[in-house]
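Trainee: Contents of input.pdb (PDB, C-alpha atoms, pLDDT in the B column) are below:
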```pdb
ATOM      1  CA  MET A  21     142.196 -89.730 -87.780  1.00 72.00           C
ATOM      2  CA  LYS A  22     142.806 -91.893 -90.831  1.00 74.00           C
ATOM      3  CA  LYS A  23     145.967 -89.923 -91.672  1.00 75.00           C
ATOM      4  CA  LEU A  24     147.274 -90.505 -88.161  1.00 75.00           C
ATOM      5  CA  GLN A  25     146.666 -94.252 -88.463  1.00 78.00           C
ATOM      6  CA  LEU A  26     148.430 -94.274 -91.834  1.00 73.00           C
ATOM      7  CA  LEU A  27     151.365 -92.363 -90.365  1.00 71.00           C
ATOM      8  CA  VAL A  28     151.677 -94.777 -87.441  1.00 75.00           C
ATOM      9  CA  ALA A  29     151.489 -97.778 -89.785  1.00 73.00           C
ATOM     10  CA  ALA A  30     154.175 -96.280 -92.054  1.00 68.00           C
ATOM     11  CA  MET A  31     156.467 -95.617 -89.103  1.00 64.00           C
ATOM     12  CA  MET A  32     156.045 -99.174 -87.810  1.00 64.00           C
ATOM     13  CA  LEU A  33     156.876-100.516 -91.258  1.00 55.00           C
ATOM     14  CA  LEU A  34     159.997 -98.365 -91.450  1.00 54.00           C
ATOM     15  CA  LEU A  35     161.140 -99.495 -88.015  1.00 51.00           C
ATOM     16  CA  SER A  36     160.624-103.155 -88.838  1.00 54.00           C
ATOM     17  CA  VAL A  37     162.560-102.825 -92.107  1.00 49.00           C
ATOM     18  CA  GLY A  38     165.321-100.825 -90.439  1.00 46.00           C
ATOM     19  CA  ALA A  39     165.686-103.389 -87.649  1.00 46.00           C
ATOM     20  CA  HIS A  40     166.577-106.190 -90.060  1.00 48.00           C
ATOM     21  CA  ALA A  41     170.015-107.451 -89.054  1.00 53.00           C
ATOM     22  CA  ASP A  42     172.783-109.103 -90.993  1.00 58.00           C
ATOM     23  CA  VAL A  43     172.834-112.840 -90.420  1.00 64.00           C
ATOM     24  CA  ILE A  44     176.075-114.777 -90.625  1.00 68.00           C
ATOM     25  CA  LYS A  45     175.542-118.509 -90.981  1.00 77.00           C
ATOM     26  CA  ASN A  46     178.148-121.009 -89.882  1.00 78.00           C
ATOM     27  CA  SER A  47     177.624-124.740 -90.275  1.00 76.00           C
ATOM     28  CA  GLU A  48     181.181-125.960 -89.757  1.00 81.00           C
ATOM     29  CA  LEU A  49     180.709-126.760 -86.073  1.00 84.00           C
ATOM     30  CA  ASN A  50     179.429-129.995 -84.577  1.00 88.00           C
ATOM     31  CA  LEU A  51     176.918-128.513 -82.139  1.00 89.00           C
ATOM     32  CA  MET A  52     175.774-131.985 -81.131  1.00 89.00           C
ATOM     33  CA  ASN A  53     178.999-132.220 -79.109  1.00 90.00           C
ATOM     34  CA  PRO A  54     178.446-130.596 -75.690  1.00 92.00           C
ATOM     35  CA  ASP A  55     182.110-129.499 -75.488  1.00 93.00           C
ATOM     36  CA  VAL A  56     181.770-127.602 -78.786  1.00 91.00           C
ATOM     37  CA  ARG A  57     178.599-125.891 -77.534  1.00 91.00           C
ATOM     38  CA  LYS A  58     180.324-124.903 -74.280  1.00 93.00           C
ATOM     39  CA  CYS A  59     183.335-123.463 -76.119  1.00 93.00           C
ATOM     40  CA  LEU A  60     181.044-121.552 -78.495  1.00 92.00           C
ATOM     41  CA  LEU A  61     179.082-120.091 -75.588  1.00 93.00           C
ATOM     42  CA  ASP A  62     182.251-119.090 -73.720  1.00 94.00           C
ATOM     43  CA  ALA A  63     183.960-117.547 -76.765  1.00 93.00           C
ATOM     44  CA  SER A  64     180.828-115.696 -77.839  1.00 92.00           C
ATOM     45  CA  SER A  65     180.200-114.221 -74.398  1.00 93.00           C
ATOM     46  CA  ILE A  66     183.807-112.999 -74.195  1.00 94.00           C
ATOM     47  CA  GLU A  67     183.300-111.173 -77.513  1.00 93.00           C
ATOM     48  CA  GLY A  68     180.033-109.655 -76.262  1.00 94.00           C
ATOM     49  CA  TRP A  69     177.572-111.846 -78.183  1.00 93.00           C
ATOM     50  CA  ASP A  70     174.391-112.845 -76.348  1.00 94.00           C
ATOM     51  CA  LEU A  71     172.643-116.164 -76.924  1.00 94.00           C
ATOM     52  CA  GLU A  72     169.186-115.252 -78.228  1.00 93.00           C
ATOM     53  CA  SER A  73     167.730-118.591 -79.266  1.00 91.00           C
ATOM     54  CA  VAL A  74     168.441-122.316 -79.395  1.00 93.00           C
ATOM     55  CA  TYR A  75     166.164-124.689 -81.251  1.00 90.00           C
ATOM     56  CA  SER A  76     166.000-127.773 -83.426  1.00 90.00           C
ATOM     57  CA  ASP A  77     164.641-127.509 -86.967  1.00 86.00           C
ATOM     58  CA  SER A  78     162.574-130.039 -88.907  1.00 86.00           C
ATOM     59  CA  LYS A  79     165.753-131.886 -90.012  1.00 86.00           C
ATOM     60  CA  ASP A  80     166.892-132.266 -86.373  1.00 86.00           C
ATOM     61  CA  ASN A  81     169.688-129.736 -86.847  1.00 86.00           C
ATOM     62  CA  LEU A  82     170.551-127.791 -83.710  1.00 89.00           C
ATOM     63  CA  ILE A  83     170.503-124.041 -84.353  1.00 88.00           C
ATOM     64  CA  MET A  84     171.991-121.405 -82.057  1.00 91.00           C
ATOM     65  CA  ILE A  85     171.449-117.692 -82.697  1.00 90.00           C
ATOM     66  CA  PHE A  86     173.631-115.016 -81.100  1.00 92.00           C
ATOM     67  CA  GLY A  87     173.067-111.262 -81.268  1.00 91.00           C
ATOM     68  CA  LYS A  88     175.255-108.203 -80.756  1.00 89.00           C
ATOM     69  CA  ASP A  89     174.631-104.562 -81.720  1.00 87.00           C
ATOM     70  CA  GLY A  90     171.843-105.420 -84.170  1.00 83.00           C
ATOM     71  CA  ASN A  91     173.842-108.163 -85.889  1.00 85.00           C
ATOM     72  CA  LYS A  92     173.072-111.835 -85.698  1.00 87.00           C
ATOM     73  CA  ARG A  93     175.132-114.996 -86.026  1.00 88.00           C
ATOM     74  CA  MET A  94     173.443-118.296 -86.695  1.00 88.00           C
ATOM     75  CA  TYR A  95     175.244-121.554 -86.009  1.00 90.00           C
ATOM     76  CA  ILE A  96     173.739-124.709 -87.512  1.00 87.00           C
ATOM     77  CA  SER A  97     174.888-128.162 -86.406  1.00 86.00           C
ATOM     78  CA  LYS A  98     177.013-130.173 -88.808  1.00 68.00           C
ATOM     79  CA  LYS A  99     175.849-133.711 -89.400  1.00 62.00           C
TER      80      LYS A  99
END
```
Represent the structure from my file as structure tokens, please.

Mentor:
Amino acid sequence: MKKLQLLVAAMMLLLSVGAHADVIKNSELNLMNPDVRKCLLDASSIEGWDLESVYSDSKDNLIMIFGKDGNKRMYISKK
């Protein structure tokens, strides 16, 4: 039973390591402008990117994360 638990734990670890995606960061956009956000959403959806998360960090930067085929793009607002 212990070997089975170890095997399951090892497989979960492998899957979590293998699922790590490349992250491309872009901070050249002014995401505080609603027109820029709208254009980014439209252009990304045309290219097949899905909006996965939008949040504000501790420095009040707006962050938008898009995902496609295991890759991620992170857009951070320019101040």

Trainee: One decimal, Å: what's the distance from atom CA of A:Ala63 over to atom CA of A:Ser78, could you say?

Mentor: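 Computed distance, atom CA of A:Ala63 to atom CA of A:Ser78, equals 27.6 Å.
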
Trainee: Within 7 Å of (175.2, -120.4, -73.4) (file coordinates; all atoms listed in the file), which protein or nucleic acid residues are there? I'd like them as a list in words.

Mentor: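 In the file's frame, the residues around the point are Lys58, Leu61 and Leu71 of chain A.
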
Trainee: Ranking A:Glu48, A:Glu67, A:Asp62, A:Asp55 by minimum distance to A:Ile96 and counting all atoms listed in the file, which one comes first?

Mentor: A:Glu48

Trainee: Find the residues near A:Pro54: any atom within 12 Å, counting only C-alpha atoms, skip ones fewer than 6 places away on the same chain, and give them as a list of chain:residue names.

Mentor: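 Everything that qualifies: A:Leu60, A:Leu61, A:Leu82, A:Ser97.
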
Trainee: Which residue gives the smallest distance to A:Ser64 among A:Met21, A:Leu51, A:Leu27, A:Ile85, with only C-alpha atoms counted?

Mentor: A:Ile85

Trainee: Check the smallest atom-to-atom distance from each of A:Lys23, A:Asn91, A:Val28, A:Met52 to A:Ser76 using only C-alpha atoms, then report the winner.

Mentor: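 Ranking A:Lys23, A:Asn91, A:Val28, A:Met52 by distance to A:Ser76, first place goes to A:Met52.
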
Trainee: Quick one, how far is atom CA of A:Asn46 from atom CA of A:Gly90?

Mentor: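 Atom CA of A:Gly90 lies 17.8 Å from atom CA of A:Asn46.
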
Trainee: Quick one: distance from atom CA of A:Asp80 to atom CA of A:Arg93 in Å, one decimal?

Mentor: 19.1 Å

Trainee: Would you mind telling me which residue in A:Lys45, A:Tyr75, A:Gly68, A:Leu24 lies nearest to A:Lys92 when using only C-alpha atoms?

Mentor: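 Of the candidates, the smallest distance to A:Lys92 is held by A:Lys45.
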
Trainee: Taking all atoms listed in the file into account, which of A:Val56, A:Ser47, A:Tyr95, A:Asp89 comes nearest A:Val74?

Mentor: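 Residue with the minimum atom-to-atom distance to A:Val74: A:Tyr95.
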
Trainee: With distances taken over all atoms listed in the file, which of A:Leu49, A:Phe86, A:Leu26, A:Arg57 is nearest to A:Asp70?

Mentor: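 Ranked by minimum distance to A:Asp70, first place goes to A:Phe86.
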
Trainee: With 8 Å added on each side, what axis-aligned box encloses every listed atom of stretch 73-76 of chain A? Give the centre and edge lengths in Å to one decimal, as lines of an AutoDock Vina configuration file.

Mentor:
```
center_x = 167.2
center_y = -123.2
center_z = -81.3
size_x = 18.4
size_y = 25.2
size_z = 20.2
```
